[in-house]
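J.: Take a look at my_file_32.csv, CSV, C-alpha atoms:
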```
chain,number,residue,atom,x,y,z
A,464,MET,CA,-7.2,149.9,26.6
A,465,ALA,CA,-6.5,146.8,28.6
A,466,ASP,CA,-4.0,147.3,31.4
A,467,ARG,CA,-0.5,147.0,30.0
A,468,ARG,CA,0.9,145.7,33.3
A,469,LEU,CA,-1.7,142.9,33.3
A,470,GLN,CA,-0.8,142.0,29.6
A,471,VAL,CA,2.9,141.8,30.4
A,472,PHE,CA,2.4,139.8,33.6
A,473,HIS,CA,0.1,137.4,31.7
A,474,THR,CA,2.7,136.8,29.0
A,475,VAL,CA,5.5,136.2,31.6
A,476,ALA,CA,3.2,133.8,33.5
A,477,LYS,CA,2.4,131.8,30.3
A,478,VAL,CA,6.0,131.3,29.2
A,479,MET,CA,7.5,131.4,32.7
A,480,SER,CA,10.4,133.5,31.5
A,481,PHE,CA,11.1,137.2,31.5
A,482,THR,CA,13.4,136.8,28.5
A,483,LYS,CA,11.0,134.9,26.4
A,484,ALA,CA,8.2,137.3,27.3
A,485,ALA,CA,10.3,140.2,26.2
A,486,GLU,CA,10.9,138.5,22.9
A,487,THR,CA,7.2,137.7,22.4
A,488,LEU,CA,6.1,141.3,23.3
A,489,HIS,CA,9.0,143.0,21.4
A,490,MET,CA,10.1,144.7,24.6
A,491,THR,CA,13.4,144.9,26.4
A,492,GLN,CA,13.7,142.6,29.4
A,493,PRO,CA,14.1,145.6,31.8
A,494,ALA,CA,10.8,147.0,30.5
A,495,VAL,CA,9.1,143.7,31.1
A,496,THR,CA,10.5,143.5,34.6
A,497,PHE,CA,9.4,147.1,35.3
A,498,GLN,CA,5.8,146.4,34.2
A,499,VAL,CA,5.6,143.3,36.5
A,500,LYS,CA,7.1,145.2,39.4
A,501,GLN,CA,4.5,148.0,38.9
A,502,LEU,CA,1.7,145.3,39.2
A,503,GLU,CA,3.4,143.8,42.3
A,504,ASP,CA,3.5,147.3,43.8
A,505,PHE,CA,-0.2,147.8,43.0
A,506,PHE,CA,-1.1,144.6,44.8
A,507,ASN,CA,1.6,145.1,47.5
A,508,THR,CA,2.8,141.5,47.1
A,509,ARG,CA,5.1,139.4,45.0
A,510,LEU,CA,3.5,137.6,42.1
A,511,PHE,CA,6.6,135.5,41.2
A,512,ASP,CA,9.2,133.7,43.2
A,513,ARG,CA,12.6,134.1,41.6
A,514,THR,CA,15.2,131.5,42.5
A,515,HIS,CA,18.3,130.1,40.7
A,516,ASN,CA,17.3,131.7,37.3
A,517,LYS,CA,13.8,130.1,37.6
A,518,ILE,CA,10.5,131.7,38.3
A,519,THR,CA,7.3,130.3,39.7
A,520,LEU,CA,3.9,131.9,40.5
A,521,THR,CA,3.2,132.7,44.1
A,522,ASP,CA,-0.3,132.0,45.4
A,523,ALA,CA,-1.2,135.6,44.7
A,524,GLY,CA,0.3,135.3,41.2
A,525,ARG,CA,-1.9,132.3,40.4
A,526,VAL,CA,-5.0,134.2,41.4
A,527,VAL,CA,-4.0,137.2,39.3
A,528,TYR,CA,-3.1,135.0,36.3
A,529,GLU,CA,-6.5,133.2,36.4
A,530,PHE,CA,-8.4,136.6,36.5
A,531,ALA,CA,-6.0,138.1,33.9
A,532,ASP,CA,-6.8,135.2,31.5
A,533,ASN,CA,-10.5,136.0,31.7
A,534,ILE,CA,-10.2,139.8,31.7
A,535,LEU,CA,-8.0,139.8,28.6
A,536,GLU,CA,-10.3,137.4,26.7
A,537,MET,CA,-13.4,139.5,27.7
A,538,TYR,CA,-11.6,142.6,26.5
A,539,GLU,CA,-11.0,140.9,23.1
A,540,LYS,CA,-14.6,139.9,22.9
A,541,MET,CA,-15.8,143.4,23.8
A,542,ASN,CA,-13.5,145.0,21.3
A,543,SER,CA,-14.5,142.6,18.5
A,544,GLN,CA,-18.2,143.0,19.0
A,545,VAL,CA,-18.1,146.8,19.0
A,546,ARG,CA,-16.0,146.7,15.8
A,547,ASP,CA,-18.5,144.2,14.3
A,548,LEU,CA,-21.3,146.8,14.9
A,549,THR,CA,-19.3,149.5,13.1
A,550,GLY,CA,-18.1,147.2,10.3
A,551,GLU,CA,-14.5,148.0,11.1
A,552,VAL,CA,-11.7,145.4,10.8
A,553,SER,CA,-8.8,146.5,12.9
A,554,GLY,CA,-6.6,145.6,15.8
A,555,SER,CA,-3.4,143.7,16.3
A,556,LEU,CA,-2.7,140.1,15.4
A,557,VAL,CA,0.3,138.0,16.4
A,558,ILE,CA,0.9,135.2,14.0
A,559,GLY,CA,3.7,132.6,14.0
A,560,ALA,CA,5.1,130.7,11.0
A,561,SER,CA,7.6,128.0,10.5
A,562,THR,CA,10.7,129.0,8.6
A,563,THR,CA,9.8,128.0,5.0
A,564,ILE,CA,6.4,129.6,5.2
A,565,ALA,CA,7.7,132.8,6.8
A,566,GLU,CA,10.4,133.3,4.3
A,567,TYR,CA,8.8,132.3,1.1
A,568,MET,CA,5.0,132.6,1.4
A,569,LEU,CA,4.1,135.2,4.0
A,570,PRO,CA,5.8,138.3,2.7
A,571,CYS,CA,3.6,138.5,-0.4
A,572,LEU,CA,0.5,137.2,1.5
A,573,LEU,CA,0.7,139.7,4.3
A,574,GLY,CA,1.5,142.5,1.9
A,575,ALA,CA,-1.6,141.8,0.0
A,576,PHE,CA,-3.7,141.5,3.2
A,577,LYS,CA,-2.4,144.8,4.5
A,578,LYS,CA,-3.5,146.6,1.3
A,579,GLN,CA,-7.0,145.4,1.9
A,580,PHE,CA,-7.1,145.8,5.7
A,581,LYS,CA,-4.9,148.8,6.5
A,582,ASP,CA,-6.0,149.1,10.1
A,583,VAL,CA,-4.9,145.6,11.1
A,584,ASN,CA,-1.4,145.5,12.6
A,585,ILE,CA,0.4,142.2,12.3
A,586,ARG,CA,3.4,141.0,14.3
A,587,LEU,CA,5.2,137.9,13.1
A,588,GLN,CA,7.0,135.3,15.1
A,589,VAL,CA,9.3,132.9,13.2
A,590,GLY,CA,10.5,129.5,14.4
A,591,ASN,CA,10.5,125.9,13.5
A,592,THR,CA,7.3,123.9,13.6
A,593,ASP,CA,7.8,122.7,17.1
A,594,ALA,CA,8.2,126.3,18.4
A,595,ILE,CA,5.2,127.6,16.5
A,596,VAL,CA,2.9,124.8,17.8
A,597,SER,CA,4.1,125.5,21.3
A,598,MET,CA,3.2,129.1,20.9
A,599,VAL,CA,-0.3,128.2,19.8
A,600,GLU,CA,-0.7,125.8,22.7
A,601,ASN,CA,0.4,128.4,25.2
A,602,ASN,CA,-1.8,131.1,23.7
A,603,MET,CA,1.1,133.3,22.8
A,604,ILE,CA,0.0,133.8,19.2
A,605,ASP,CA,-3.4,134.1,17.5
A,606,LEU,CA,-2.6,131.9,14.6
A,607,GLY,CA,0.2,129.5,13.5
A,608,LEU,CA,1.2,128.4,10.0
A,609,VAL,CA,3.2,125.2,9.9
A,610,GLU,CA,4.6,122.7,7.4
A,611,ALA,CA,4.4,119.4,9.3
A,612,PRO,CA,1.7,117.3,11.0
A,613,VAL,CA,0.5,118.5,14.4
A,614,ASN,CA,-0.3,116.0,17.1
A,615,ASN,CA,-2.7,117.9,19.3
A,616,LYS,CA,-6.4,117.3,19.3
A,617,ASN,CA,-7.1,120.5,21.1
A,618,LEU,CA,-5.8,122.5,18.1
A,619,GLU,CA,-7.8,123.3,15.0
A,620,VAL,CA,-5.8,122.4,11.9
A,621,GLU,CA,-6.8,123.5,8.4
A,622,VAL,CA,-4.8,122.4,5.4
A,623,CYS,CA,-4.4,125.4,3.0
A,624,ARG,CA,-1.9,124.0,0.4
A,625,ILE,CA,-0.2,120.7,-0.6
A,626,ASP,CA,3.6,121.2,-0.9
A,627,GLU,CA,6.0,118.9,-2.7
A,628,MET,CA,9.5,118.3,-1.4
A,629,GLN,CA,12.2,117.4,-4.0
A,630,VAL,CA,15.9,116.5,-4.1
A,631,ILE,CA,18.3,119.3,-5.0
A,632,CYS,CA,21.8,118.9,-6.4
A,633,PRO,CA,24.3,121.0,-8.4
A,634,ILE,CA,23.6,121.1,-12.1
A,635,ASP,CA,26.7,119.0,-12.9
A,636,HIS,CA,25.9,116.3,-10.3
A,637,PRO,CA,25.6,112.6,-11.5
A,638,LEU,CA,21.9,112.7,-10.6
A,639,ALA,CA,21.1,116.0,-12.4
A,640,LYS,CA,19.9,114.4,-15.6
A,641,ARG,CA,17.5,112.0,-13.8
A,642,SER,CA,13.7,112.8,-14.1
A,643,GLU,CA,13.1,111.2,-10.7
A,644,VAL,CA,15.1,109.5,-7.9
A,645,THR,CA,14.4,107.2,-5.0
A,646,ILE,CA,15.7,107.4,-1.4
A,647,GLU,CA,18.0,104.5,-2.3
A,648,ASP,CA,19.6,106.8,-4.9
A,649,VAL,CA,19.9,109.7,-2.6
A,650,ARG,CA,21.5,107.8,0.3
A,651,LYS,CA,24.6,107.0,-1.8
A,652,TYR,CA,25.7,110.6,-1.6
A,653,PRO,CA,26.6,113.0,1.2
A,654,PHE,CA,23.4,114.5,2.6
A,655,ILE,CA,22.5,117.8,4.2
A,656,ASN,CA,19.6,117.7,6.7
A,657,ARG,CA,17.5,120.3,8.5
A,658,GLU,CA,17.7,120.8,12.3
A,659,GLU,CA,15.8,118.9,14.9
A,660,GLY,CA,12.3,120.4,15.4
A,661,SER,CA,12.1,121.5,11.8
A,662,GLY,CA,8.8,120.6,10.0
A,663,SER,CA,10.9,119.7,7.0
A,664,ARG,CA,13.1,117.4,9.0
A,665,SER,CA,10.1,115.6,10.6
A,666,VAL,CA,8.4,115.1,7.2
A,667,ILE,CA,11.7,113.8,5.6
A,668,ASP,CA,12.3,111.4,8.6
A,669,THR,CA,8.8,110.0,8.2
A,670,TYR,CA,9.1,109.5,4.5
A,671,VAL,CA,12.5,107.8,4.8
A,672,ARG,CA,11.1,105.3,7.4
A,673,GLU,CA,8.1,104.6,5.0
A,674,GLN,CA,10.6,103.7,2.3
A,675,GLY,CA,12.2,101.1,4.7
A,676,PHE,CA,15.3,103.1,5.7
A,677,SER,CA,16.3,105.3,8.6
A,678,MET,CA,18.4,108.5,8.7
A,679,SER,CA,21.3,106.4,10.1
A,680,ASP,CA,21.5,104.9,6.6
A,681,PHE,CA,22.5,108.3,5.2
A,682,ASN,CA,25.9,110.0,5.2
A,683,ILE,CA,24.7,113.2,6.9
A,684,VAL,CA,27.6,115.7,6.5
A,685,MET,CA,25.7,118.8,7.8
A,686,GLU,CA,22.6,119.9,9.7
A,687,LEU,CA,21.4,123.5,9.0
A,688,GLY,CA,18.6,125.7,10.4
A,689,ALA,CA,17.4,127.5,7.3
A,690,PRO,CA,16.4,126.7,3.7
A,691,GLU,CA,18.8,129.4,2.3
A,692,SER,CA,21.7,127.8,4.1
A,693,VAL,CA,20.8,124.4,2.8
A,694,LYS,CA,20.6,125.6,-0.8
A,695,MET,CA,23.9,127.4,-0.5
A,696,ALA,CA,25.6,124.3,0.8
A,697,VAL,CA,24.2,122.2,-2.0
A,698,GLU,CA,25.3,124.8,-4.6
A,699,ALA,CA,28.8,124.5,-3.0
A,700,ASP,CA,28.6,120.7,-3.7
A,701,VAL,CA,28.7,119.8,0.0
A,702,GLY,CA,25.9,117.3,-0.5
A,703,LEU,CA,22.3,116.6,-1.6
A,704,ALA,CA,19.3,117.9,0.2
A,705,ILE,CA,15.5,117.5,0.2
A,706,VAL,CA,13.7,120.8,0.3
A,707,SER,CA,10.3,122.4,-0.4
A,708,ARG,CA,9.7,123.3,-4.1
A,709,THR,CA,8.3,126.6,-2.6
A,710,THR,CA,11.8,127.6,-1.8
A,711,LEU,CA,13.3,127.0,-5.2
A,712,MET,CA,11.6,129.5,-7.6
A,713,LYS,CA,14.7,131.8,-7.8
A,714,GLU,CA,17.3,128.9,-8.2
A,715,LEU,CA,15.2,127.1,-10.8
A,716,LYS,CA,14.8,130.3,-12.8
A,717,LEU,CA,18.5,131.1,-12.7
A,718,GLY,CA,19.5,127.5,-13.3
A,719,SER,CA,21.8,127.3,-10.3
A,720,LEU,CA,20.3,124.1,-8.9
A,721,LYS,CA,18.6,121.1,-10.3
A,722,ALA,CA,15.4,119.9,-8.5
A,723,ILE,CA,14.5,116.2,-9.0
A,724,PRO,CA,11.1,114.7,-7.9
A,725,LEU,CA,11.2,111.7,-5.6
A,726,ASN,CA,9.6,108.4,-6.4
A,727,PRO,CA,7.2,108.0,-4.7
A,728,PRO,CA,6.4,111.7,-4.5
A,729,LEU,CA,7.0,113.4,-1.1
A,730,ARG,CA,4.1,115.7,-0.4
A,731,ARG,CA,3.1,117.5,2.8
A,732,PRO,CA,0.4,120.0,3.9
A,733,PHE,CA,0.9,123.6,4.8
A,734,SER,CA,-1.6,124.3,7.5
A,735,HIS,CA,-3.2,127.0,9.7
A,736,VAL,CA,-3.2,126.0,13.4
A,737,ARG,CA,-5.1,127.7,16.2
A,738,GLN,CA,-6.7,126.8,19.5
A,739,LYS,CA,-10.2,125.2,19.1
A,740,HIS,CA,-11.9,127.0,21.9
A,741,LYS,CA,-10.2,130.3,21.9
A,742,PHE,CA,-12.3,133.4,21.1
A,743,ARG,CA,-11.6,134.3,17.5
A,744,HIS,CA,-10.9,138.0,16.9
A,745,ARG,CA,-12.7,139.2,13.7
A,746,ALA,CA,-9.3,140.2,12.2
A,747,VAL,CA,-8.2,136.5,12.6
A,748,GLY,CA,-11.2,135.3,10.7
A,749,GLU,CA,-10.5,137.8,7.9
A,750,LEU,CA,-6.9,136.8,7.7
A,751,LEU,CA,-7.8,133.1,7.6
A,752,ASP,CA,-10.3,133.6,4.8
A,753,PHE,CA,-7.9,135.8,2.9
A,754,ALA,CA,-5.0,133.3,3.4
A,755,VAL,CA,-7.0,130.3,2.2
A,756,ALA,CA,-8.1,132.1,-1.0
A,757,TYR,CA,-4.6,133.6,-1.6
A,758,CYS,CA,-2.9,130.2,-1.2
A,759,LYS,CA,-5.3,128.5,-3.5
A,760,GLU,CA,-4.8,131.2,-6.2
A,761,ARG,CA,-1.0,131.1,-5.9
A,762,ALA,CA,-1.0,127.3,-5.8
A,763,VAL,CA,-2.8,127.1,-9.2
A,764,GLU,CA,-0.4,129.7,-10.6
A,765,GLN,CA,2.7,127.9,-9.5
A,766,GLY,CA,1.5,124.4,-10.3
A,767,PHE,CA,1.0,123.1,-6.7
A,768,GLU,CA,-1.8,120.9,-5.6
A,769,VAL,CA,-4.9,122.6,-4.1
A,770,PRO,CA,-6.2,120.5,-1.2
A,771,ASP,CA,-9.6,118.9,-1.7
A,772,THR,CA,-11.9,117.4,0.9
A,773,ASP,CA,-10.2,114.0,0.8
A,774,ASP,CA,-6.7,115.6,1.4
A,775,LYS,CA,-8.0,117.5,4.4
A,776,LYS,CA,-9.6,114.4,5.9
A,777,ARG,CA,-6.4,112.3,5.2
A,778,TYR,CA,-4.0,114.8,6.7
A,779,SER,CA,-6.3,115.5,9.7
A,780,SER,CA,-6.5,111.7,10.4
A,781,HIS,CA,-2.7,111.6,10.2
A,782,TYR,CA,-2.4,114.3,12.7
A,783,ASP,CA,-4.7,112.6,15.2
A,784,ASN,CA,-3.0,109.2,14.9
A,785,LYS,CA,0.6,110.3,14.8
A,786,THR,CA,2.6,109.3,17.9
A,787,THR,CA,6.0,110.6,17.1
A,788,PRO,CA,6.7,114.0,18.7
A,789,LEU,CA,7.1,116.8,16.1
```
Could you take the file, read its structure, and then write that structure out as structure tokens?

T.:
Amino acid sequence: MADRRLQVFHTVAKVMSFTKAAETLHMTQPAVTFQVKQLEDFFNTRLFDRTHNKITLTDAGRVVYEFADNILEMYEKMNSQVRDLTGEVSGSLVIGASTTIAEYMLPCLLGAFKKQFKDVNIRLQVGNTDAIVSMVENNMIDLGLVEAPVNNKNLEVEVCRIDEMQVICPIDHPLAKRSEVTIEDVRKYPFINREEGSGSRSVIDTYVREQGFSMSDFNIVMELGAPESVKMAVEADVGLAIVSRTTLMKELKLGSLKAIPLNPPLRRPFSHVRQKHKFRHRAVGELLDFAVAYCKERAVEQGFEVPDTDDKKRYSSHYDNKTTPL
């Protein structure tokens, strides 16, 4: 019901890019440009200044953006309150997830959620932890799911599962018969790392520092942007890697890789992230409740830790005190 032109303009103004707005809205860039042009024609003034591949809001654009922010939020509140009265859970949600969660946890979770809430439409944005947190901060998504600490006190972070990261190697590797390994053991061999901005990379870097080393002590032969690429490179005997146990169910079942726990163990939280003061659509609340229960159930089935109150306090404190950008 809300004016589509206003929604499109609002998204462009948030990300300051027609291209990024098109990706967020799942539209073509010409379609985004057309909607903004329609709104400019309606007001008979430019809303953006366009110079050297950069856009900025005009004075009129800033006024429209401020009102659009309030109008779209009021629309969501109206829509939610009416649906609360009718008992209906419906609408559209945009959620973002970092790569590991999006590829290995969300397909089953969202499939189960859709069976229970058929009238809720979900759009998924996938990126590394940095990208997802940025989307939450800029109000581009309703909910983010990430796999690394989040250093922003304006965001609400709720731990839903404790993940363990382990060393992986080919089944005939010299370390394959070990029941556990240390970082000292791992750094003696070629190593495959995740890309900058990845939640896994951030957690590994922090763990390595805590053990008295730095990544410069490693023989890093490759940096890759997806867990599947990392696992394939390890299977090809390019090097060792440290990955989430969540990603290894297939390989461990087939016996194509060996996973070895680290000593001390490397554990990290999987968390829901959203803006503290943003109006919460009822469907978001239903998804949060469903996801927490679902993750707890699957964690027990697969032998992962279920976060208790102490875990949540510890990781929340870590988020607040962390100074390294993630």

J.: Looking at A:Leu729, A:Met490, A:Leu751, A:Leu535, which one is nearest to Gly607 in chain A, with distances taken over only C-alpha atoms?

T.: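 Nearest to Gly607 in chain A: A:Leu751.
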
J.: Name the closest residue to Arg737 in chain A among the candidates A:Thr487, A:Ser597, A:Gln674, A:Gln498; distances are taken between atoms, counting all atoms listed in the file.

T.: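 Ranking A:Thr487, A:Ser597, A:Gln674, A:Gln498 by distance to Arg737 in chain A, first place goes to A:Ser597.
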
J.: Within 8 Å of range 574-585 of chain A, which residues of range 706-762 of chain A come that close, and what is the closest atom pair and distance in Å for each? Count all atoms listed in the file and give it as JSON lines.

T.:
```
{"residue": "A:Ala746", "atom": "CA", "partner": "A:Val583", "partner_atom": "CA", "distance": 7.1}
{"residue": "A:Leu750", "atom": "CA", "partner": "A:Phe576", "partner_atom": "CA", "distance": 7.3}
{"residue": "A:Phe753", "atom": "CA", "partner": "A:Phe576", "partner_atom": "CA", "distance": 7.1}
```

J.: Pick from A:Glu566, A:Glu749, A:Glu536, A:Asp522: nearest to Leu510 in chain A, with only C-alpha atoms counted?

T.: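 Using only C-alpha atoms, Leu510 in chain A sits closest to A:Asp522.
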
J.: Pick out the residues sitting within 8 Å of Ile655 in chain A, and hand them over as an NGL selection string; count only C-alpha atoms, and ignore anything fewer than 4 positions along from it in its own chain.

T.: :A and (683-687 or 693 or 696-697 or 701-704)

J.: Pick out the residues sitting within 12 Å of Ala494 in chain A, and hand them over as a PyMOL selection string; count all atoms listed in the file, and ignore anything fewer than 4 positions along from it in its own chain.

T.: chain A and resi 467-468+471-472+481-482+484-486+488-490+498-501

J.: Can I get the selected residues back with C-alpha atoms, as a PDB file, in the coordinates of the input?

T.:
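Final output, saved to part_36.pdb:
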```pdb
ATOM      1  CA  ARG A 467      -0.500 147.000  30.000  1.00  0.00           C
ATOM      2  CA  ARG A 468       0.900 145.700  33.300  1.00  0.00           C
ATOM      3  CA  VAL A 471       2.900 141.800  30.400  1.00  0.00           C
ATOM      4  CA  PHE A 472       2.400 139.800  33.600  1.00  0.00           C
ATOM      5  CA  PHE A 481      11.100 137.200  31.500  1.00  0.00           C
ATOM      6  CA  THR A 482      13.400 136.800  28.500  1.00  0.00           C
ATOM      7  CA  ALA A 484       8.200 137.300  27.300  1.00  0.00           C
ATOM      8  CA  ALA A 485      10.300 140.200  26.200  1.00  0.00           C
ATOM      9  CA  GLU A 486      10.900 138.500  22.900  1.00  0.00           C
ATOM     10  CA  LEU A 488       6.100 141.300  23.300  1.00  0.00           C
ATOM     11  CA  HIS A 489       9.000 143.000  21.400  1.00  0.00           C
ATOM     12  CA  MET A 490      10.100 144.700  24.600  1.00  0.00           C
ATOM     13  CA  GLN A 498       5.800 146.400  34.200  1.00  0.00           C
ATOM     14  CA  VAL A 499       5.600 143.300  36.500  1.00  0.00           C
ATOM     15  CA  LYS A 500       7.100 145.200  39.400  1.00  0.00           C
ATOM     16  CA  GLN A 501       4.500 148.000  38.900  1.00  0.00           C
TER      17      GLN A 501
END
```

J.: Write out as a PyMOL selection string which residues come within 10 Å of Ala523 in chain A when counting only C-alpha atoms, dropping same-chain ones fewer than 5 positions away.

T.: chain A and resi 503+506+508-511+528

J.: Quick one: pull the distance between CA of Glu760 in chain A and CA of Arg624 in chain A, Å, one decimal.

T.: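 Taking CA of Glu760 in chain A and CA of Arg624 in chain A, their separation equals 10.2 Å.
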
J.: Name all residues at most 12 Å from Arg513 in chain A (count all atoms listed in the file; drop same-chain ones fewer than 3 positions away) and give them as a list in words.

T.: Met479, Ser480, Phe481, Thr496, Arg509, Leu510, Asn516, Lys517, Ile518, Thr519, Leu520 and Thr521 of chain A

J.: Selected residues, C-alpha atoms, written as an mmCIF file, keeping the file's coordinate frame, please.

T.:
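Written output follows (result28.cif):
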```cif
data_model
loop_
_atom_site.group_PDB
_atom_site.id
_atom_site.type_symbol
_atom_site.label_atom_id
_atom_site.label_comp_id
_atom_site.auth_asym_id
_atom_site.auth_seq_id
_atom_site.Cartn_x
_atom_site.Cartn_y
_atom_site.Cartn_z
ATOM 1 C CA MET A 479 7.500 131.400 32.700
ATOM 2 C CA SER A 480 10.400 133.500 31.500
ATOM 3 C CA PHE A 481 11.100 137.200 31.500
ATOM 4 C CA THR A 496 10.500 143.500 34.600
ATOM 5 C CA ARG A 509 5.100 139.400 45.000
ATOM 6 C CA LEU A 510 3.500 137.600 42.100
ATOM 7 C CA ASN A 516 17.300 131.700 37.300
ATOM 8 C CA LYS A 517 13.800 130.100 37.600
ATOM 9 C CA ILE A 518 10.500 131.700 38.300
ATOM 10 C CA THR A 519 7.300 130.300 39.700
ATOM 11 C CA LEU A 520 3.900 131.900 40.500
ATOM 12 C CA THR A 521 3.200 132.700 44.100
#
```

J.: Restricting the calculation to only C-alpha atoms, which member of A:Ser679, A:Ser692, A:Asn602, A:Gln544 is positioned closest to Val478 in chain A?

T.: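 Between A:Ser679, A:Ser692, A:Asn602, A:Gln544, the residue approaching Val478 in chain A most closely is A:Asn602.
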
J.: For each of A:Val545, A:Ala754, A:Gly590, A:Val596, take the minimum atom-to-atom distance to Leu572 in chain A, counting only C-alpha atoms, then give the residue where this is smallest.

T.: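 Checking each candidate against Leu572 in chain A, we get A:Ala754 as the closest.
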
J.: N, CA, C and O atoms are needed for range 645-661 of chain A; please write them out as a PDB file, in the frame of the given file.

T.:
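The resulting file, part.pdb, is shown below:
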```pdb
ATOM      1  N   THR A 645      14.980 107.856  -6.192  1.00  0.00           N
ATOM      2  CA  THR A 645      14.400 107.200  -5.000  1.00  0.00           C
ATOM      3  C   THR A 645      15.341 107.511  -3.810  1.00  0.00           C
ATOM      4  O   THR A 645      16.465 108.019  -3.971  1.00  0.00           O
ATOM      5  N   ILE A 646      14.861 107.192  -2.628  1.00  0.00           N
ATOM      6  CA  ILE A 646      15.700 107.400  -1.400  1.00  0.00           C
ATOM      7  C   ILE A 646      16.944 106.493  -1.517  1.00  0.00           C
ATOM      8  O   ILE A 646      18.023 106.884  -1.061  1.00  0.00           O
ATOM      9  N   GLU A 647      16.840 105.324  -2.132  1.00  0.00           N
ATOM     10  CA  GLU A 647      18.000 104.500  -2.300  1.00  0.00           C
ATOM     11  C   GLU A 647      19.086 105.202  -3.137  1.00  0.00           C
ATOM     12  O   GLU A 647      20.289 105.123  -2.833  1.00  0.00           O
ATOM     13  N   ASP A 648      18.659 105.966  -4.159  1.00  0.00           N
ATOM     14  CA  ASP A 648      19.600 106.800  -4.900  1.00  0.00           C
ATOM     15  C   ASP A 648      20.259 107.846  -4.098  1.00  0.00           C
ATOM     16  O   ASP A 648      21.468 108.063  -4.160  1.00  0.00           O
ATOM     17  N   VAL A 649      19.437 108.521  -3.303  1.00  0.00           N
ATOM     18  CA  VAL A 649      19.900 109.700  -2.600  1.00  0.00           C
ATOM     19  C   VAL A 649      20.908 109.305  -1.478  1.00  0.00           C
ATOM     20  O   VAL A 649      21.908 109.993  -1.254  1.00  0.00           O
ATOM     21  N   ARG A 650      20.688 108.185  -0.813  1.00  0.00           N
ATOM     22  CA  ARG A 650      21.500 107.800   0.300  1.00  0.00           C
ATOM     23  C   ARG A 650      22.945 107.411  -0.063  1.00  0.00           C
ATOM     24  O   ARG A 650      23.803 107.230   0.797  1.00  0.00           O
ATOM     25  N   LYS A 651      23.208 107.297  -1.354  1.00  0.00           N
ATOM     26  CA  LYS A 651      24.600 107.000  -1.800  1.00  0.00           C
ATOM     27  C   LYS A 651      25.490 108.163  -1.810  1.00  0.00           C
ATOM     28  O   LYS A 651      26.700 108.004  -2.029  1.00  0.00           O
ATOM     29  N   TYR A 652      24.930 109.349  -1.573  1.00  0.00           N
ATOM     30  CA  TYR A 652      25.700 110.600  -1.600  1.00  0.00           C
ATOM     31  C   TYR A 652      25.676 111.317  -0.306  1.00  0.00           C
ATOM     32  O   TYR A 652      24.758 111.099   0.503  1.00  0.00           O
ATOM     33  N   PRO A 653      26.650 112.186  -0.042  1.00  0.00           N
ATOM     34  CA  PRO A 653      26.600 113.000   1.200  1.00  0.00           C
ATOM     35  C   PRO A 653      25.253 113.774   1.212  1.00  0.00           C
ATOM     36  O   PRO A 653      24.736 114.206   0.173  1.00  0.00           O
ATOM     37  N   PHE A 654      24.714 113.926   2.430  1.00  0.00           N
ATOM     38  CA  PHE A 654      23.400 114.500   2.600  1.00  0.00           C
ATOM     39  C   PHE A 654      23.365 115.618   3.608  1.00  0.00           C
ATOM     40  O   PHE A 654      24.004 115.516   4.662  1.00  0.00           O
ATOM     41  N   ILE A 655      22.626 116.679   3.297  1.00  0.00           N
ATOM     42  CA  ILE A 655      22.500 117.800   4.200  1.00  0.00           C
ATOM     43  C   ILE A 655      21.059 117.821   4.740  1.00  0.00           C
ATOM     44  O   ILE A 655      20.095 117.817   3.970  1.00  0.00           O
ATOM     45  N   ASN A 656      20.932 117.832   6.055  1.00  0.00           N
ATOM     46  CA  ASN A 656      19.600 117.700   6.700  1.00  0.00           C
ATOM     47  C   ASN A 656      19.262 119.013   7.406  1.00  0.00           C
ATOM     48  O   ASN A 656      20.136 119.848   7.694  1.00  0.00           O
ATOM     49  N   ARG A 657      17.984 119.194   7.682  1.00  0.00           N
ATOM     50  CA  ARG A 657      17.500 120.300   8.500  1.00  0.00           C
ATOM     51  C   ARG A 657      17.702 119.986   9.978  1.00  0.00           C
ATOM     52  O   ARG A 657      17.939 118.843  10.367  1.00  0.00           O
ATOM     53  N   GLU A 658      17.528 121.002  10.837  1.00  0.00           N
ATOM     54  CA  GLU A 658      17.700 120.800  12.300  1.00  0.00           C
ATOM     55  C   GLU A 658      16.596 120.087  12.939  1.00  0.00           C
ATOM     56  O   GLU A 658      15.486 120.026  12.392  1.00  0.00           O
ATOM     57  N   GLU A 659      16.857 119.510  14.116  1.00  0.00           N
ATOM     58  CA  GLU A 659      15.800 118.900  14.900  1.00  0.00           C
ATOM     59  C   GLU A 659      14.711 119.895  15.225  1.00  0.00           C
ATOM     60  O   GLU A 659      14.996 121.046  15.545  1.00  0.00           O
ATOM     61  N   GLY A 660      13.441 119.455  15.149  1.00  0.00           N
ATOM     62  CA  GLY A 660      12.300 120.400  15.400  1.00  0.00           C
ATOM     63  C   GLY A 660      11.767 121.008  14.182  1.00  0.00           C
ATOM     64  O   GLY A 660      10.671 121.563  14.200  1.00  0.00           O
ATOM     65  N   SER A 661      12.522 120.965  13.088  1.00  0.00           N
ATOM     66  CA  SER A 661      12.100 121.500  11.800  1.00  0.00           C
ATOM     67  C   SER A 661      10.932 120.684  11.251  1.00  0.00           C
ATOM     68  O   SER A 661      10.981 119.450  11.289  1.00  0.00           O
TER      69      SER A 661
END
```
